[in-house]
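Data first, discussion second: the structure below is written as structure tokens.
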Amino acid sequence: MTNEVAKFILNTYRPNGADAQDPTFRAALEQAASDPDLAAWFKEERSFDSLVAAKLTEIQAPPNLYSAILAGMETRSPIRRFTIGPILALAAVVVLSGIILLPMYMEHQSRTALISQYQKANLTMLSSPTWPQLDLVTTDFSRTQEYLAHMKAPCIPHLPGALLDLPTVGCKAFYWNNRQLSLTCFRLPSGDLLHVFVIDEYTFRSTNIEDTFREMDGWHVKFERRDGMLLMFVSRAPMAEIKEYV
Amino acid sequence: MNLEAVAGRFYASLYRFALSLTKNEVEAGDLTQQTFFILAQRSHQIRDTSKVKCWLFTTLRREFLRTLRVQSNHPHVEFRPEIHDAPSLSVDALRALDAKTVLEALTQIEPTYRTAVELFYLSEMSYKEIAESLEIPIGTVMSRLSRGKEQLKAILSAAISEISAKIIPLRTDEQAAR
């Protein structure tokens, strides 16, 4: 992880230290503990955040507000009760369930279709004869993530240690369905490539995604949700080799 | 749910958040009261009490947007490009500013980034809670906080410079030597 990426993550670290146990910050905090420049930046950032939060806390609510709130809650409207008979109520429940559940079912179906479109789009791109058209060609993983962070594209969160030892081929930031995503390519010892697509998990929220390797059009494909991101690992390398790294 | 305890715990921070949105003490008080009134009506719908803080801030913001009738009462504040680059900010100088100036600086952040920063400082919400409240992806929250805080520093830095320029020394060192 580069210092730029660490700063990007640590920017959201709350000044009261409430995020100390959040795994999202672990790697960045460890880096801040070992890098003096990052440590100095983080110290300054926390001082700034604490001071701003403290300054804002100095603003007092009007003295009578609390009692006014309690009085307001006392006079709340009673919740309306059904006055129709039990059979009518049951019929209403059935109709309402249909109205509510049908769109939910449709949405779920549409999200499932979306993930399959996403997968297909990525594999088509990888299979294209003109591929790869990478934005940045480098063997240095940290440079790829620095570039992606600069492009405001999703970075790979918490890369497994084994994968970190691999050289990269390069990376690319691009869009699919108006969502920004990134691609980072690694070179495996056999010479085969391992591609990692990263997109914000929100795009596929509430979608059940299997996190095991599957075979698709000659590619080994695996999805993994990690820290708010959806990672898609793709490779043509033998499964045994891929599993050493993913 | 013990509504009185919830009100006691969150009313002050909600009021500050309302004040940053409305920029008006009376409206902020009304908005805070209205939020708790809605809570009292719908408290039976909130099953996970650990999320009540997030619910309150989200509801207050929604109520604010709903009651936002006259655009001219809430002028759009454009971010000044000349102060876009965040300079290094002296913590001592910042300490000298009053709370009102800091709150005003918060309201000058570009609207896209502003709410995430307000929730970060005023509600002490985590980035995940902010994402949930604003219904945006976590990555977007991180990005908005990063840019928003950069802007806040630039605005505060400009405020500090402005205040420093207004300070007129009673007498110069030269006069004192005489």
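The chains in the structure tokens are called A, B, ... from first to last as shown; in each chain the residues are counted from 1, and the ligands are counted from 1 in the order shown.
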At a cut-off of 7 Å, list the chain B residues touching chain A, using only C-alpha atoms, as a PDB file with C-alpha atoms, in the first residue's frame.
```pdb
ATOM      1  CA  GLU B   4     -36.161  10.028  26.811  1.00  0.00           C
ATOM      2  CA  TYR B  11     -30.350  15.999  20.894  1.00  0.00           C
ATOM      3  CA  ALA B  12     -27.279  18.250  21.193  1.00  0.00           C
ATOM      4  CA  TYR B  15     -29.105  20.275  16.917  1.00  0.00           C
ATOM      5  CA  ARG B  16     -25.559  21.097  15.751  1.00  0.00           C
ATOM      6  CA  GLY B  29     -34.355  23.797  17.057  1.00  0.00           C
ATOM      7  CA  GLN B  33     -37.836  18.664  17.676  1.00  0.00           C
ATOM      8  CA  PHE B  36     -37.710  13.357  17.710  1.00  0.00           C
ATOM      9  CA  PHE B  37     -41.431  13.747  17.128  1.00  0.00           C
ATOM     10  CA  ALA B  40     -41.789   8.919  18.844  1.00  0.00           C
ATOM     11  CA  GLN B  41     -44.335   8.094  16.148  1.00  0.00           C
ATOM     12  CA  VAL B  91      -3.285  23.906  14.756  1.00  0.00           C
ATOM     13  CA  ALA B  99     -16.934  27.583  17.064  1.00  0.00           C
ATOM     14  CA  VAL B 102     -15.661  26.644  12.173  1.00  0.00           C
ATOM     15  CA  LEU B 103     -19.352  25.895  11.642  1.00  0.00           C
ATOM     16  CA  TYR B 121     -17.567  15.797  12.556  1.00  0.00           C
ATOM     17  CA  LEU B 122     -21.021  16.435  13.980  1.00  0.00           C
ATOM     18  CA  GLU B 124     -19.225  10.994  14.901  1.00  0.00           C
ATOM     19  CA  SER B 126     -18.246   5.897  10.956  1.00  0.00           C
ATOM     20  CA  TYR B 127     -17.678   5.887   7.194  1.00  0.00           C
ATOM     21  CA  PRO B 137     -21.002   3.419  -1.665  1.00  0.00           C
ATOM     22  CA  ILE B 138     -18.256   3.315   0.967  1.00  0.00           C
ATOM     23  CA  GLY B 139     -15.631   4.275  -1.623  1.00  0.00           C
ATOM     24  CA  MET B 142     -13.983   8.009   1.494  1.00  0.00           C
ATOM     25  CA  LEU B 145     -14.419  12.972   3.002  1.00  0.00           C
ATOM     26  CA  SER B 146     -10.979  13.306   1.486  1.00  0.00           C
TER      27      SER B 146
END
```
Using only C-alpha atoms, which residues sit within 9 Å of Lys23 of chain B once same-chain residues fewer than 2 positions away are excluded, as number ranges by chain? B: 18-21, 25, 27-28, 74, 103-104, 107
Keeping only N, CA and C atoms, write the selected residues to a file as a tab-separated table (two decimals), in the first residue's frame.
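So the final result, stored in again_15.tsv, reads:
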```
chain	number	residue	atom	x	y	z
B	18	ALA	N	-28.32	20.11	12.59
B	18	ALA	CA	-29.42	20.91	12.03
B	18	ALA	C	-28.98	22.35	11.80
B	19	LEU	N	-28.18	22.85	12.72
B	19	LEU	CA	-27.70	24.23	12.59
B	19	LEU	C	-26.78	24.38	11.37
B	20	SER	N	-25.97	23.35	11.14
B	20	SER	CA	-25.08	23.42	9.97
B	20	SER	C	-25.89	23.36	8.68
B	21	LEU	N	-27.06	22.72	8.72
B	21	LEU	CA	-27.89	22.63	7.51
B	21	LEU	C	-28.70	23.90	7.30
B	25	GLU	N	-30.73	29.31	14.06
B	25	GLU	CA	-30.91	28.64	15.36
B	25	GLU	C	-32.36	28.19	15.60
B	27	GLU	N	-34.73	27.57	13.31
B	27	GLU	CA	-35.06	26.46	12.40
B	27	GLU	C	-34.37	25.17	12.84
B	28	ALA	N	-33.14	25.31	13.33
B	28	ALA	CA	-32.40	24.12	13.79
B	28	ALA	C	-33.12	23.48	14.97
B	74	HIS	N	-31.64	29.45	0.97
B	74	HIS	CA	-30.48	28.56	1.14
B	74	HIS	C	-29.60	28.69	-0.09
B	103	LEU	N	-18.07	26.37	12.18
B	103	LEU	CA	-19.35	25.89	11.64
B	103	LEU	C	-19.64	26.55	10.29
B	104	GLU	N	-19.33	27.85	10.21
B	104	GLU	CA	-19.55	28.56	8.93
B	104	GLU	C	-18.67	27.99	7.83
B	107	THR	N	-20.12	24.99	6.37
B	107	THR	CA	-21.24	25.22	5.46
B	107	THR	C	-20.78	25.72	4.09
```
If you count only C-alpha atoms, which residues fall within 9 Å of segment 56-69 of chain B, apart from same-chain ones fewer than 6 positions away, as a PDB file with C-alpha atoms, in the first residue's frame?
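Ended up saving to selection.pdb:
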```pdb
ATOM      1  CA  PHE B  10     -28.429  12.714  20.809  1.00  0.00           C
ATOM      2  CA  LEU B  14     -28.532  16.595  16.190  1.00  0.00           C
ATOM      3  CA  PHE B  17     -26.097  19.103  12.574  1.00  0.00           C
ATOM      4  CA  ALA B  18     -29.424  20.905  12.030  1.00  0.00           C
ATOM      5  CA  LEU B  21     -27.886  22.629   7.508  1.00  0.00           C
ATOM      6  CA  THR B  22     -30.264  25.505   8.248  1.00  0.00           C
ATOM      7  CA  LEU B  31     -35.938  20.554  12.935  1.00  0.00           C
ATOM      8  CA  THR B  32     -34.454  18.740  15.931  1.00  0.00           C
ATOM      9  CA  GLN B  34     -39.542  17.440  14.519  1.00  0.00           C
ATOM     10  CA  THR B  35     -37.019  14.609  14.196  1.00  0.00           C
ATOM     11  CA  PHE B  36     -37.710  13.357  17.710  1.00  0.00           C
ATOM     12  CA  ILE B  38     -41.132  11.411  14.122  1.00  0.00           C
ATOM     13  CA  LEU B  39     -39.046   9.031  16.219  1.00  0.00           C
ATOM     14  CA  LEU B 119     -21.783  13.814   9.515  1.00  0.00           C
ATOM     15  CA  SER B 123     -22.445  12.958  14.387  1.00  0.00           C
ATOM     16  CA  GLU B 132     -25.770   3.915   4.913  1.00  0.00           C
ATOM     17  CA  SER B 133     -27.263   7.272   5.821  1.00  0.00           C
ATOM     18  CA  LEU B 134     -26.521   8.907   2.467  1.00  0.00           C
TER      19      LEU B 134
END
```
To one decimal place in Å, what is the distance between atom CA of Glu118 of chain B and atom CA of Ser13 of chain B?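 Distance between the two atoms: 10.9 Å.
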Pairwise distance for atom CA of Pro167 of chain A and atom CA of Phe204 of chain A, rounded to one decimal in Å: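 Those two atoms sit 29.8 Å apart.
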Looking at B:Val52, B:Glu135, B:Lys100, B:Leu152, which one is nearest to Ala5 of chain B, with distances taken over only C-alpha atoms? B:Val52
Segment 178-187 of chain A surroundings by only C-alpha atoms, 9 Å radius, close-in-sequence under 5 positions cut, as a PyMOL selection string: chain A and resi 134+139+141+144-145+148+152-156+163+166-173+192-200+203
Dump as a PDB file, in the first residue's frame, selection limited to C-alpha atoms:
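Result file part30.pdb:
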```pdb
ATOM      1  CA  LEU A 134      -3.401  -0.935 -19.876  1.00  0.00           C
ATOM      2  CA  THR A 139       5.860  -4.364 -12.313  1.00  0.00           C
ATOM      3  CA  PHE A 141       2.076  -3.180  -7.372  1.00  0.00           C
ATOM      4  CA  THR A 144      -0.630   0.564  -9.820  1.00  0.00           C
ATOM      5  CA  GLN A 145      -2.650   1.315  -6.677  1.00  0.00           C
ATOM      6  CA  LEU A 148      -5.803   3.990  -9.383  1.00  0.00           C
ATOM      7  CA  LYS A 152     -10.309   7.888  -7.995  1.00  0.00           C
ATOM      8  CA  ALA A 153     -10.821   4.320  -9.185  1.00  0.00           C
ATOM      9  CA  PRO A 154     -11.395   1.441  -6.739  1.00  0.00           C
ATOM     10  CA  CYS A 155      -8.157   0.025  -5.318  1.00  0.00           C
ATOM     11  CA  ILE A 156      -7.558  -3.539  -4.123  1.00  0.00           C
ATOM     12  CA  LEU A 163      -0.172 -12.097  -4.149  1.00  0.00           C
ATOM     13  CA  LEU A 166       3.996 -11.251  -7.535  1.00  0.00           C
ATOM     14  CA  PRO A 167       5.079  -8.645 -10.061  1.00  0.00           C
ATOM     15  CA  THR A 168       2.295  -6.734 -11.758  1.00  0.00           C
ATOM     16  CA  VAL A 169       1.949  -6.165 -15.475  1.00  0.00           C
ATOM     17  CA  GLY A 170      -0.022  -2.981 -15.068  1.00  0.00           C
ATOM     18  CA  CYS A 171      -3.442  -1.562 -14.393  1.00  0.00           C
ATOM     19  CA  LYS A 172      -6.367   0.231 -15.915  1.00  0.00           C
ATOM     20  CA  ALA A 173      -9.233   2.421 -14.668  1.00  0.00           C
ATOM     21  CA  ASP A 192       0.235 -16.790 -17.030  1.00  0.00           C
ATOM     22  CA  LEU A 193      -1.622 -13.682 -15.951  1.00  0.00           C
ATOM     23  CA  LEU A 194      -3.924 -13.220 -13.006  1.00  0.00           C
ATOM     24  CA  HIS A 195      -6.404 -10.356 -13.453  1.00  0.00           C
ATOM     25  CA  VAL A 196      -8.158  -8.638 -10.553  1.00  0.00           C
ATOM     26  CA  PHE A 197     -11.180  -6.444 -11.294  1.00  0.00           C
ATOM     27  CA  VAL A 198     -12.372  -4.217  -8.456  1.00  0.00           C
ATOM     28  CA  ILE A 199     -15.729  -2.449  -8.307  1.00  0.00           C
ATOM     29  CA  ASP A 200     -17.720  -0.920  -5.480  1.00  0.00           C
ATOM     30  CA  THR A 203     -23.424  -1.973  -7.397  1.00  0.00           C
TER      31      THR A 203
END
```
Members of segment 81-245 of chain A assigned strand (DSSP E) by DSSP, as a PyMOL selection string: chain A and resi 136-137+168-176+179-187+193-200+214-216+219-226+229-235
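Nearest residue to Ile136 of chain B, choosing from B:Ile163, B:Val26, B:Ala116, B:Ile46 and counting only C-alpha atoms: B:Ala116.
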Any idea what the distance is between atom CA of Lys149 of chain B and atom CA of Arg143 of chain A?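 Straight-line distance from atom CA of Lys149 of chain B to atom CA of Arg143 of chain A works out to 24.7 Å.
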